[in-house]
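This report refers to the structure that appears directly beneath it.
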Amino acid sequence: MPAFSYADEDTICEGHIAVPAGAGPFPAVLVAHNWGGQMQADNDAAERLAAQGYVGIAIDVYGKGVRGEPMGDNSALMNPWMADRAALQQRLLAAVTAAAAHPAVDADRMAIMGYCFGGLCALDVARSADARIKGAISFHGVYAPNGLPQKAMSAKVLVLHGWEDPMCPPAATVALAAELTAAGADWQIHAYGGTYHAFTAPAANNPAGGVAYSADADRRSWQALSNFLAETL
């Protein structure tokens, strides 16, 4: 499977790239991973995007070879990035720069999406106001603001949210809407009733813990993504 390697200062990051058939350049969508690190599910999302005509690029926040457990507690990997959002923004924009330089990519038509921690990453790229990113999509992400100076957001934002997600209760969702409004963003929040955290992950099966797969929300959220990308890119 094609690797996508790039650097953030001295750190080598290695993700995965999927390029549509035919002559490019193509619009591109970066895929940011959950707290476990860059894994097969992210590669699969990149391949699915390529089948829809986008260069899918599964990025790597943690660095080459740094991976957690798919169903384990990966807070030790994620928490340092949550504590230093400036460093996280720098790491994410290194991926944006690498994607923009790829010969298959139309650098004027790029977006970023992500799952869980990756949803926060997508929002943080929108918060960076980097004009190269036209859209940011969060799947069951977390919403904590990064505390950095906020310029007007140039990216359109789509938030795909399980209403019963205990990691982002209604007050956090309302606060995110207020933040996006204050930043002048073109934003949408799609909330799915009776739906928990990790609703796109088939292995998620702990409703009592607030984590559960939902086939309906999985299908609806991908359709919302597809519509959003068609409009934005």
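All residue names refer to the structure tokens as shown: chains lettered A, B, ... in order, residues numbered from 1 in each chain, ligands numbered from 1 in order.
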* Asked: So which residues touch region 186-195 of chain A within 8 Å, counting only C-alpha atoms, skipping near sequence neighbours fewer than 6 positions away, as a PyMOL selection string?
  -> chain A and resi 155-165+177+180+212+214+217
Those residues you just picked out, can you put them in a file as a CSV table (one decimal), in the first residue's frame with N, CA and C atoms?
chain,number,residue,atom,x,y,z
A,155,ALA,N,-12.1,28.0,6.2
A,155,ALA,CA,-12.6,26.7,5.8
A,155,ALA,C,-14.1,26.5,6.3
A,156,LYS,N,-14.9,25.9,5.4
A,156,LYS,CA,-16.2,25.5,5.8
A,156,LYS,C,-16.1,24.3,6.8
A,157,VAL,N,-17.0,24.2,7.7
A,157,VAL,CA,-16.9,23.2,8.8
A,157,VAL,C,-18.2,22.4,8.8
A,158,LEU,N,-18.0,21.0,8.9
A,158,LEU,CA,-19.1,20.1,9.1
A,158,LEU,C,-18.8,19.2,10.3
A,159,VAL,N,-19.7,19.2,11.2
A,159,VAL,CA,-19.5,18.5,12.5
A,159,VAL,C,-20.6,17.4,12.5
A,160,LEU,N,-20.2,16.1,12.6
A,160,LEU,CA,-21.1,15.0,12.6
A,160,LEU,C,-21.0,14.3,14.0
A,161,HIS,N,-22.1,14.4,14.7
A,161,HIS,CA,-22.1,14.3,16.1
A,161,HIS,C,-23.2,13.3,16.6
A,162,GLY,N,-22.8,12.4,17.5
A,162,GLY,CA,-23.8,11.6,18.2
A,162,GLY,C,-24.3,12.4,19.4
A,163,TRP,N,-25.6,12.6,19.5
A,163,TRP,CA,-26.2,13.4,20.5
A,163,TRP,C,-25.9,12.9,21.9
A,164,GLU,N,-25.8,11.6,22.0
A,164,GLU,CA,-25.6,10.9,23.3
A,164,GLU,C,-24.1,10.8,23.7
A,165,ASP,N,-23.2,11.3,22.9
A,165,ASP,CA,-21.8,11.2,23.1
A,165,ASP,C,-21.4,11.9,24.4
A,177,ALA,N,-20.6,25.6,18.5
A,177,ALA,CA,-21.3,26.5,17.5
A,177,ALA,C,-21.1,27.9,17.8
A,180,LEU,N,-17.5,28.7,16.4
A,180,LEU,CA,-17.5,28.8,15.0
A,180,LEU,C,-18.1,30.1,14.5
A,212,ALA,N,-20.6,3.4,21.0
A,212,ALA,CA,-21.3,2.3,20.3
A,212,ALA,C,-21.4,2.6,18.8
A,214,SER,N,-23.1,2.7,15.2
A,214,SER,CA,-24.5,2.9,14.7
A,214,SER,C,-24.4,2.8,13.1
A,217,ALA,N,-26.1,6.0,11.6
A,217,ALA,CA,-25.3,7.2,11.7
A,217,ALA,C,-24.1,7.1,10.8
Nearby residues (only C-alpha atoms) at most 8 Å from Val29 (chain A), same-chain spacing under 3 positions excluded, as a CSV table (one decimal) with N, CA and C atoms, in the first residue's frame:
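Generated file (result13.csv):
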chain,number,residue,atom,x,y,z
A,46,ALA,N,-9.2,6.5,3.3
A,46,ALA,CA,-8.5,7.1,2.2
A,46,ALA,C,-8.9,6.4,0.9
A,49,LEU,N,-12.3,7.4,-0.3
A,49,LEU,CA,-12.3,8.7,-0.9
A,49,LEU,C,-11.8,8.7,-2.3
A,54,TYR,N,-11.3,11.6,-5.1
A,54,TYR,CA,-10.4,12.5,-4.3
A,54,TYR,C,-9.2,11.7,-4.0
A,55,VAL,N,-8.0,12.4,-3.9
A,55,VAL,CA,-6.8,11.8,-3.3
A,55,VAL,C,-7.1,11.7,-1.8
A,56,GLY,N,-7.1,10.5,-1.3
A,56,GLY,CA,-7.3,10.3,0.1
A,56,GLY,C,-5.9,10.1,0.8
A,57,ILE,N,-5.7,10.9,1.8
A,57,ILE,CA,-4.4,10.9,2.5
A,57,ILE,C,-4.6,10.7,3.9
A,110,MET,N,-8.5,21.3,-1.2
A,110,MET,CA,-8.1,20.4,-0.2
A,110,MET,C,-9.0,20.5,1.0
A,111,ALA,N,-9.3,19.4,1.7
A,111,ALA,CA,-10.1,19.4,2.9
A,111,ALA,C,-9.4,18.4,3.9
A,112,ILE,N,-9.9,18.4,5.1
A,112,ILE,CA,-9.4,17.5,6.1
A,112,ILE,C,-10.6,17.0,6.9
A,113,MET,N,-10.6,15.7,7.2
A,113,MET,CA,-11.6,15.0,8.0
A,113,MET,C,-10.9,14.2,9.1
* **Pick from A:Leu123, A:Ala183, A:Met71, A:Leu88 nearest to Ala201 (chain A), counting only C-alpha atoms** => A:Met71
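Using only C-alpha atoms, the residues found no farther than 12 Å from Glu9 (chain A), other than those of its own chain fewer than 4 positions away, are Cys13, Gly63, Ala87, Gln90, Arg91, Leu93, Ala94 and Ala95 of chain A.
Distances from A:Ala7, A:His102, A:Asp218, A:Val174 to Gly24 (chain A) were compared using only C-alpha atoms, and the smallest one belongs to A:His102.
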* Asked: DSSP on the backbone: what in region 5-161 of chain A comes out helix (DSSP H, G or I), as a PyMOL selection string?
  -> chain A and resi 40-51+75-83+85-101+117-128
Output C-alpha atoms for every residue in that selection, as a compact mmCIF listing (two decimals), in the first residue's frame.
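Written output follows (selection_17.txt):
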# COMPACT_ATOMS: atom_id res chain seq x y z
CA GLN A 40 -5.94 0.45 8.70
CA ALA A 41 -9.32 2.09 9.23
CA ASP A 42 -7.80 5.41 8.18
CA ASN A 43 -6.24 3.81 5.11
CA ASP A 44 -9.61 2.32 4.26
CA ALA A 45 -11.22 5.76 4.48
CA ALA A 46 -8.53 7.14 2.17
CA GLU A 47 -9.24 4.37 -0.34
CA ARG A 48 -12.96 5.04 -0.12
CA LEU A 49 -12.33 8.71 -0.86
CA ALA A 50 -10.19 7.77 -3.87
CA ALA A 51 -13.08 5.73 -5.22
CA SER A 75 -4.45 8.51 26.34
CA ALA A 76 -0.67 8.46 26.88
CA LEU A 77 -0.21 9.00 23.16
CA MET A 78 -2.91 11.62 22.75
CA ASN A 79 -2.60 13.69 25.92
CA PRO A 80 0.73 15.40 25.12
CA TRP A 81 -0.86 16.77 21.95
CA MET A 82 -3.96 17.89 23.82
CA ALA A 83 -1.66 19.73 26.23
CA ARG A 85 -2.14 22.54 20.78
CA ALA A 86 0.40 24.82 19.09
CA ALA A 87 2.62 21.80 18.48
CA LEU A 88 -0.40 19.85 17.27
CA GLN A 89 -1.28 22.61 14.81
CA GLN A 90 2.28 22.65 13.52
CA ARG A 91 2.27 18.86 13.05
CA LEU A 92 -1.06 19.01 11.20
CA LEU A 93 0.02 21.83 8.91
CA ALA A 94 3.15 19.86 8.02
CA ALA A 95 0.79 17.23 6.60
CA VAL A 96 -1.15 19.92 4.73
CA THR A 97 2.08 21.23 3.21
CA ALA A 98 3.16 17.75 2.15
CA ALA A 99 -0.25 17.03 0.62
CA ALA A 100 -0.25 20.31 -1.30
CA ALA A 101 3.15 19.45 -2.80
CA PHE A 117 -9.12 12.84 18.25
CA GLY A 118 -8.86 13.23 14.48
CA GLY A 119 -12.08 15.23 14.55
CA LEU A 120 -10.39 17.66 16.90
CA CYS A 121 -7.42 17.71 14.51
CA ALA A 122 -9.71 18.64 11.62
CA LEU A 123 -11.22 21.43 13.71
CA ASP A 124 -7.76 22.65 14.70
CA VAL A 125 -6.77 22.91 11.03
CA ALA A 126 -9.90 25.00 10.48
CA ARG A 127 -8.94 27.07 13.51
CA SER A 128 -5.52 27.69 11.95
* All strand (DSSP E) positions in region 18-172 of chain A, as JSON, numbers by chain -> {"A": [18, 26, 27, 28, 29, 30, 31, 32, 55, 56, 57, 58, 105, 106, 107, 108, 109, 110, 111, 112, 113, 114, 115, 133, 134, 135, 136, 137, 138, 139, 156, 157, 158, 159, 160, 161, 162]}
Export, as a PDB file, in the first residue's frame, the selected residues with C-alpha atoms.
ATOM      1  CA  ALA A  18      -4.770   6.606  -2.317  1.00  0.00           C
ATOM      2  CA  PHE A  26      -7.403  15.794  -8.099  1.00  0.00           C
ATOM      3  CA  PRO A  27      -8.943  17.433  -5.043  1.00  0.00           C
ATOM      4  CA  ALA A  28      -7.588  15.915  -1.858  1.00  0.00           C
ATOM      5  CA  VAL A  29      -8.979  14.968   1.542  1.00  0.00           C
ATOM      6  CA  LEU A  30      -6.671  14.364   4.497  1.00  0.00           C
ATOM      7  CA  VAL A  31      -7.850  11.805   7.057  1.00  0.00           C
ATOM      8  CA  ALA A  32      -6.789  12.360  10.678  1.00  0.00           C
ATOM      9  CA  VAL A  55      -6.839  11.841  -3.331  1.00  0.00           C
ATOM     10  CA  GLY A  56      -7.268  10.289   0.105  1.00  0.00           C
ATOM     11  CA  ILE A  57      -4.352  10.876   2.451  1.00  0.00           C
ATOM     12  CA  ALA A  58      -4.353   9.202   5.861  1.00  0.00           C
ATOM     13  CA  VAL A 105      -3.090  16.895  -5.647  1.00  0.00           C
ATOM     14  CA  ASP A 106      -4.839  20.061  -6.725  1.00  0.00           C
ATOM     15  CA  ALA A 107      -3.531  22.274  -3.941  1.00  0.00           C
ATOM     16  CA  ASP A 108      -6.409  24.709  -4.400  1.00  0.00           C
ATOM     17  CA  ARG A 109      -8.965  22.032  -3.472  1.00  0.00           C
ATOM     18  CA  MET A 110      -8.095  20.375  -0.182  1.00  0.00           C
ATOM     19  CA  ALA A 111     -10.076  19.378   2.907  1.00  0.00           C
ATOM     20  CA  ILE A 112      -9.409  17.467   6.123  1.00  0.00           C
ATOM     21  CA  MET A 113     -11.610  15.023   8.009  1.00  0.00           C
ATOM     22  CA  GLY A 114     -11.011  13.035  11.150  1.00  0.00           C
ATOM     23  CA  TYR A 115     -12.400  10.626  13.707  1.00  0.00           C
ATOM     24  CA  ILE A 133      -7.895  23.993   3.453  1.00  0.00           C
ATOM     25  CA  LYS A 134     -11.367  24.614   2.103  1.00  0.00           C
ATOM     26  CA  GLY A 135     -13.283  22.229   4.366  1.00  0.00           C
ATOM     27  CA  ALA A 136     -12.942  20.502   7.740  1.00  0.00           C
ATOM     28  CA  ILE A 137     -15.101  17.571   8.813  1.00  0.00           C
ATOM     29  CA  SER A 138     -15.294  16.106  12.322  1.00  0.00           C
ATOM     30  CA  PHE A 139     -16.718  12.613  12.885  1.00  0.00           C
ATOM     31  CA  LYS A 156     -16.235  25.489   5.804  1.00  0.00           C
ATOM     32  CA  VAL A 157     -16.896  23.195   8.779  1.00  0.00           C
ATOM     33  CA  LEU A 158     -19.059  20.094   9.060  1.00  0.00           C
ATOM     34  CA  VAL A 159     -19.503  18.458  12.472  1.00  0.00           C
ATOM     35  CA  LEU A 160     -21.052  14.963  12.570  1.00  0.00           C
ATOM     36  CA  HIS A 161     -22.094  14.297  16.130  1.00  0.00           C
ATOM     37  CA  GLY A 162     -23.784  11.617  18.207  1.00  0.00           C
TER      38      GLY A 162
END
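What separates CA of Gly141 (chain A) from CA of Cys168 (chain A) is a distance of 8.1 Å.
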* Structure fact -> Min atom-atom distance to Ile17 (chain A) from the set A:Ala144, A:Glu69, A:Ser226, A:Ala104, counting only C-alpha atoms, belongs to A:Ala104
* Structure fact -> Separating CA of Gly209 (chain A) from CA of His140 (chain A), to the nearest tenth of an Å, is a gap of 14.8 Å
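With only C-alpha atoms as the atoms that count, the minimum distance from Asn227 (chain A) to the choices A:Asp73, A:Gln52, A:Asp10, A:Val211 is reached by A:Gln52.
Closest approach to Ala175 (chain A) from the set A:Leu229, A:Ala204, A:Ala131, A:Val142 is made by A:Val142, with distances taken over only C-alpha atoms.
The coordinates place CA of Asp84 (chain A) at 24.7 Å from CA of Phe4 (chain A).
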